[in-house]
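Pasting final_22.cif here (mmCIF, C-alpha atoms):
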data_entry
loop_
_atom_site.group_PDB
_atom_site.id
_atom_site.type_symbol
_atom_site.label_atom_id
_atom_site.label_comp_id
_atom_site.auth_asym_id
_atom_site.auth_seq_id
_atom_site.Cartn_x
_atom_site.Cartn_y
_atom_site.Cartn_z
ATOM 1 C CA GLN A 1 0.000 0.000 0.000
ATOM 2 C CA VAL A 2 1.265 3.436 -0.911
ATOM 3 C CA GLN A 3 2.133 5.634 2.055
ATOM 4 C CA LEU A 4 1.704 9.397 1.924
ATOM 5 C CA VAL A 5 3.657 11.805 4.114
ATOM 6 C CA GLU A 6 2.798 15.489 4.048
ATOM 7 C CA SER A 7 5.122 18.227 5.280
ATOM 8 C CA GLY A 8 5.809 21.944 5.041
ATOM 9 C CA GLY A 9 2.976 23.347 7.113
ATOM 10 C CA ASP A 10 3.670 26.269 9.424
ATOM 11 C CA LEU A 11 2.285 29.374 11.081
ATOM 12 C CA VAL A 12 2.388 32.342 8.702
ATOM 13 C CA GLN A 13 0.910 35.812 8.532
ATOM 14 C CA ALA A 14 -1.807 36.691 6.066
ATOM 15 C CA GLY A 15 -0.296 37.472 2.692
ATOM 16 C CA GLY A 16 2.559 35.060 3.226
ATOM 17 C CA SER A 17 3.553 31.944 1.307
ATOM 18 C CA LEU A 18 4.229 28.294 2.023
ATOM 19 C CA ARG A 19 5.147 25.266 -0.033
ATOM 20 C CA LEU A 20 3.745 21.926 1.016
ATOM 21 C CA SER A 21 5.231 18.596 0.007
ATOM 22 C CA CYS A 22 3.760 15.116 -0.147
ATOM 23 C CA ALA A 23 6.143 12.187 -0.411
ATOM 24 C CA ALA A 24 4.670 8.957 -1.744
ATOM 25 C CA SER A 25 6.176 5.511 -1.344
ATOM 26 C CA GLY A 26 6.190 2.808 -3.985
ATOM 27 C CA SER A 27 6.391 2.866 -7.753
ATOM 28 C CA THR A 28 2.877 3.853 -8.769
ATOM 29 C CA PHE A 29 3.008 7.583 -8.030
ATOM 30 C CA ARG A 30 3.649 8.496 -11.651
ATOM 31 C CA VAL A 31 0.414 6.834 -12.838
ATOM 32 C CA ARG A 32 -1.826 8.410 -10.227
ATOM 33 C CA ILE A 33 -3.873 11.558 -10.614
ATOM 34 C CA MET A 34 -3.013 13.305 -7.373
ATOM 35 C CA ALA A 35 -4.776 15.948 -5.328
ATOM 36 C CA TRP A 36 -4.529 18.141 -2.274
ATOM 37 C CA TYR A 37 -7.328 18.376 0.247
ATOM 38 C CA ARG A 38 -7.789 20.349 3.442
ATOM 39 C CA ARG A 39 -9.842 20.136 6.599
ATOM 40 C CA ALA A 40 -10.521 23.321 8.515
ATOM 41 C CA PRO A 41 -11.447 23.127 12.210
ATOM 42 C CA GLY A 42 -14.978 21.818 12.581
ATOM 43 C CA SER A 43 -15.378 21.199 8.860
ATOM 44 C CA GLN A 44 -15.276 18.298 6.459
ATOM 45 C CA ARG A 45 -12.281 17.557 4.279
ATOM 46 C CA ASP A 46 -12.499 19.580 1.064
ATOM 47 C CA TRP A 47 -10.771 19.170 -2.280
ATOM 48 C CA VAL A 48 -8.261 21.940 -3.068
ATOM 49 C CA ALA A 49 -6.438 21.040 -6.292
ATOM 50 C CA SER A 50 -5.639 18.158 -8.646
ATOM 51 C CA ILE A 51 -2.925 17.375 -11.163
ATOM 52 C CA ASN A 52 -2.787 14.796 -13.945
ATOM 53 C CA THR A 53 -0.097 12.158 -14.279
ATOM 54 C CA ASP A 54 2.194 14.211 -16.526
ATOM 55 C CA GLY A 55 1.766 17.413 -14.577
ATOM 56 C CA ASP A 56 0.468 19.408 -17.525
ATOM 57 C CA GLY A 57 -3.138 19.444 -16.404
ATOM 58 C CA THR A 58 -4.230 21.116 -13.174
ATOM 59 C CA TRP A 59 -7.551 21.986 -11.561
ATOM 60 C CA TYR A 60 -8.332 24.199 -8.569
ATOM 61 C CA ALA A 61 -11.135 24.999 -6.207
ATOM 62 C CA ASP A 62 -12.459 28.504 -6.776
ATOM 63 C CA SER A 63 -11.340 29.525 -3.298
ATOM 64 C CA VAL A 64 -7.648 29.003 -4.141
ATOM 65 C CA LYS A 65 -7.539 29.657 -7.883
ATOM 66 C CA GLY A 66 -4.845 32.175 -8.755
ATOM 67 C CA ARG A 67 -3.128 31.812 -5.380
ATOM 68 C CA PHE A 68 -2.169 28.118 -5.159
ATOM 69 C CA THR A 69 -0.161 26.042 -7.624
ATOM 70 C CA ILE A 70 -0.051 22.254 -7.622
ATOM 71 C CA SER A 71 2.900 20.474 -9.198
ATOM 72 C CA ARG A 72 4.658 17.121 -9.098
ATOM 73 C CA ASP A 73 8.058 15.527 -9.529
ATOM 74 C CA ASN A 74 7.514 11.963 -10.747
ATOM 75 C CA ALA A 75 11.229 11.172 -10.533
ATOM 76 C CA LYS A 76 11.166 11.901 -6.794
ATOM 77 C CA ASN A 77 7.596 10.740 -6.064
ATOM 78 C CA ILE A 78 6.724 14.131 -4.586
ATOM 79 C CA LEU A 79 3.613 16.257 -4.928
ATOM 80 C CA TYR A 80 3.800 19.979 -4.138
ATOM 81 C CA LEU A 81 1.422 22.781 -3.306
ATOM 82 C CA GLN A 82 2.757 26.314 -3.562
ATOM 83 C CA MET A 83 0.494 28.598 -1.586
ATOM 84 C CA ASN A 84 0.746 32.367 -2.035
ATOM 85 C CA SER A 85 -1.293 35.287 -0.726
ATOM 86 C CA LEU A 86 -2.454 33.160 2.172
ATOM 87 C CA LYS A 87 -5.620 34.137 4.014
ATOM 88 C CA PRO A 88 -6.828 33.229 7.502
ATOM 89 C CA GLU A 89 -9.524 31.083 5.892
ATOM 90 C CA ASP A 90 -6.772 28.885 4.431
ATOM 91 C CA THR A 91 -6.059 27.646 7.957
ATOM 92 C CA ALA A 92 -6.498 23.871 7.895
ATOM 93 C CA VAL A 93 -4.758 20.524 7.955
ATOM 94 C CA TYR A 94 -3.661 19.746 4.402
ATOM 95 C CA TYR A 95 -3.597 16.238 2.966
ATOM 96 C CA CYS A 96 -2.638 14.661 -0.335
ATOM 97 C CA ASN A 97 -4.235 11.615 -1.941
ATOM 98 C CA ASP A 98 -5.047 9.931 -5.217
ATOM 99 C CA ARG A 99 -7.983 11.814 -6.715
ATOM 100 C CA LEU A 100 -9.618 8.736 -8.227
ATOM 101 C CA ARG A 101 -8.440 5.726 -6.207
ATOM 102 C CA GLN A 102 -8.275 6.823 -2.602
ATOM 103 C CA LEU A 103 -5.308 5.643 -0.579
ATOM 104 C CA ASN A 104 -4.938 5.566 3.189
ATOM 105 C CA TRP A 105 -4.764 9.129 4.428
ATOM 106 C CA GLY A 106 -1.519 10.462 5.837
ATOM 107 C CA GLN A 107 -1.240 12.513 8.987
ATOM 108 C CA GLY A 108 -1.531 15.791 7.120
ATOM 109 C CA THR A 109 0.359 19.011 7.733
ATOM 110 C CA GLN A 110 -1.022 21.968 9.687
ATOM 111 C CA VAL A 111 -1.197 25.375 8.031
ATOM 112 C CA THR A 112 -2.172 28.280 10.243
ATOM 113 C CA VAL A 113 -2.598 31.761 8.803
ATOM 114 C CA SER A 114 -2.809 34.618 11.271
ATOM 115 C CA SER A 115 -4.562 37.878 10.472
#
If you took the structure in this file and wrote it as structure tokens, what would it be?
Amino acid sequence: QVQLVESGGDLVQAGGSLRLSCAASGSTFRVRIMAWYRRAPGSQRDWVASINTDGDGTWYADSVKGRFTISRDNAKNILYLQMNSLKPEDTAVYYCNDRLRQLNWGQGTQVTVSS
């Protein structure tokens, strides 16, 4: 079973930037459509962004469009999320997963944006 390990979360001020990483084990990362999700306090887990296997197709939730960029390095089995112009409402635990064939969830990485 593929294991997912998210990292890069931190406490930042509004307007700041962070880059999240998701390291995947195994040899199937390159054939998976991957995505980032987030769960804010007291809320359900929401989809944030997706990327196709080659990295040349990306999709974003309206709430992050123009501010976040998803990318991947298939040689290193790593998924990224560059987050710019962060807002307090971006505060959440961020997770990565296969968009179509859900894997076991990792522990996530906490992003806290102060106003």
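If only C-alpha atoms are the atoms counted, then among A:Leu4, A:Met34, A:Val12, A:Leu100 the closest residue to Asn84 of chain A is A:Val12.
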Contacts of Trp59 of chain A at 8 Å (only C-alpha atoms; same-chain gap of 3+ positions) as a VMD selection string: chain A and resid 49 to 51
Hey, can I get the axis-aligned box for segment 43-60 of chain A? All listed atoms, 8 Å padding on each side, centre and edge lengths in Å to one decimal, as lines of an AutoDock Vina configuration file.
center_x = -6.6
center_y = 18.2
center_z = -4.3
size_x = 33.6
size_y = 28.0
size_z = 42.4
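Each of A:Gln3, A:Thr109, A:Ser71, A:Gln82 was compared to Arg38 of chain A using only C-alpha atoms, and A:Thr109 turns out to be the nearest.
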Set the distance at 12 Å and use all atoms listed in the file: which residues neighbour Glu89 of chain A once local chain neighbours fewer than 2 positions away are removed? I'd like the list as a ChimeraX atom specification. /A:13-15,38-41,43,63-64,85-87,91-93,111-115
Put those residues in a file: C-alpha atoms, as a short mmCIF file (atom, residue, chain, number, x, y, z; two decimals), in the coordinates of the input.
data_model
loop_
_atom_site.label_atom_id
_atom_site.label_comp_id
_atom_site.auth_asym_id
_atom_site.auth_seq_id
_atom_site.Cartn_x
_atom_site.Cartn_y
_atom_site.Cartn_z
CA GLN A 13 0.91 35.81 8.53
CA ALA A 14 -1.81 36.69 6.07
CA GLY A 15 -0.30 37.47 2.69
CA ARG A 38 -7.79 20.35 3.44
CA ARG A 39 -9.84 20.14 6.60
CA ALA A 40 -10.52 23.32 8.52
CA PRO A 41 -11.45 23.13 12.21
CA SER A 43 -15.38 21.20 8.86
CA SER A 63 -11.34 29.52 -3.30
CA VAL A 64 -7.65 29.00 -4.14
CA SER A 85 -1.29 35.29 -0.73
CA LEU A 86 -2.45 33.16 2.17
CA LYS A 87 -5.62 34.14 4.01
CA THR A 91 -6.06 27.65 7.96
CA ALA A 92 -6.50 23.87 7.90
CA VAL A 93 -4.76 20.52 7.96
CA VAL A 111 -1.20 25.38 8.03
CA THR A 112 -2.17 28.28 10.24
CA VAL A 113 -2.60 31.76 8.80
CA SER A 114 -2.81 34.62 11.27
CA SER A 115 -4.56 37.88 10.47
#
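Across A:Asp90, A:Asp46, A:Asp56, A:Asp73, the tightest approach to Arg30 of chain A is made by A:Asp73 when counting only C-alpha atoms.
Nearest-residue note for Gln110 of chain A: choosing from A:Phe68, A:Tyr60, A:Trp47, A:Tyr37, the minimum distance belongs to A:Tyr37, counting all atoms listed in the file.
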Within 7 Å of (4.1, 19.8, 6.6) (coordinates as in the file), grab all the protein and nucleic acid residues, counting only C-alpha atoms, and write them out as a PyMOL selection string. chain A and resi 6-9+20-21+108-110
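Atom CA of Tyr95 of chain A to atom CA of Gly42 of chain A spans 15.9 Å [interatomic distance, one decimal].
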Within 12 Å of Arg72 of chain A using only C-alpha atoms, minus same-chain residues under 2 positions, as an MDAnalysis selection string: chainID A and resid 20:24 29:36 50:58 69:70 74:82 96
As a check of understanding: the span from atom CA of Asn97 of chain A to atom CA of Ser27 of chain A is 14.9 Å
In Å to one decimal, how far is atom CA of Thr28 of chain A from atom CA of Gln107 of chain A? 20.2 Å
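Distance check against Ser17 of chain A using all atoms listed in the file: of A:Pro88, A:Lys65, A:Leu103, A:Met83, the minimum falls on A:Met83.
Considering the residues A:Ala61, A:Trp105, A:Val2, A:Arg45 and counting only C-alpha atoms, Gly26 of chain A has its shortest atom-to-atom contact with A:Val2.
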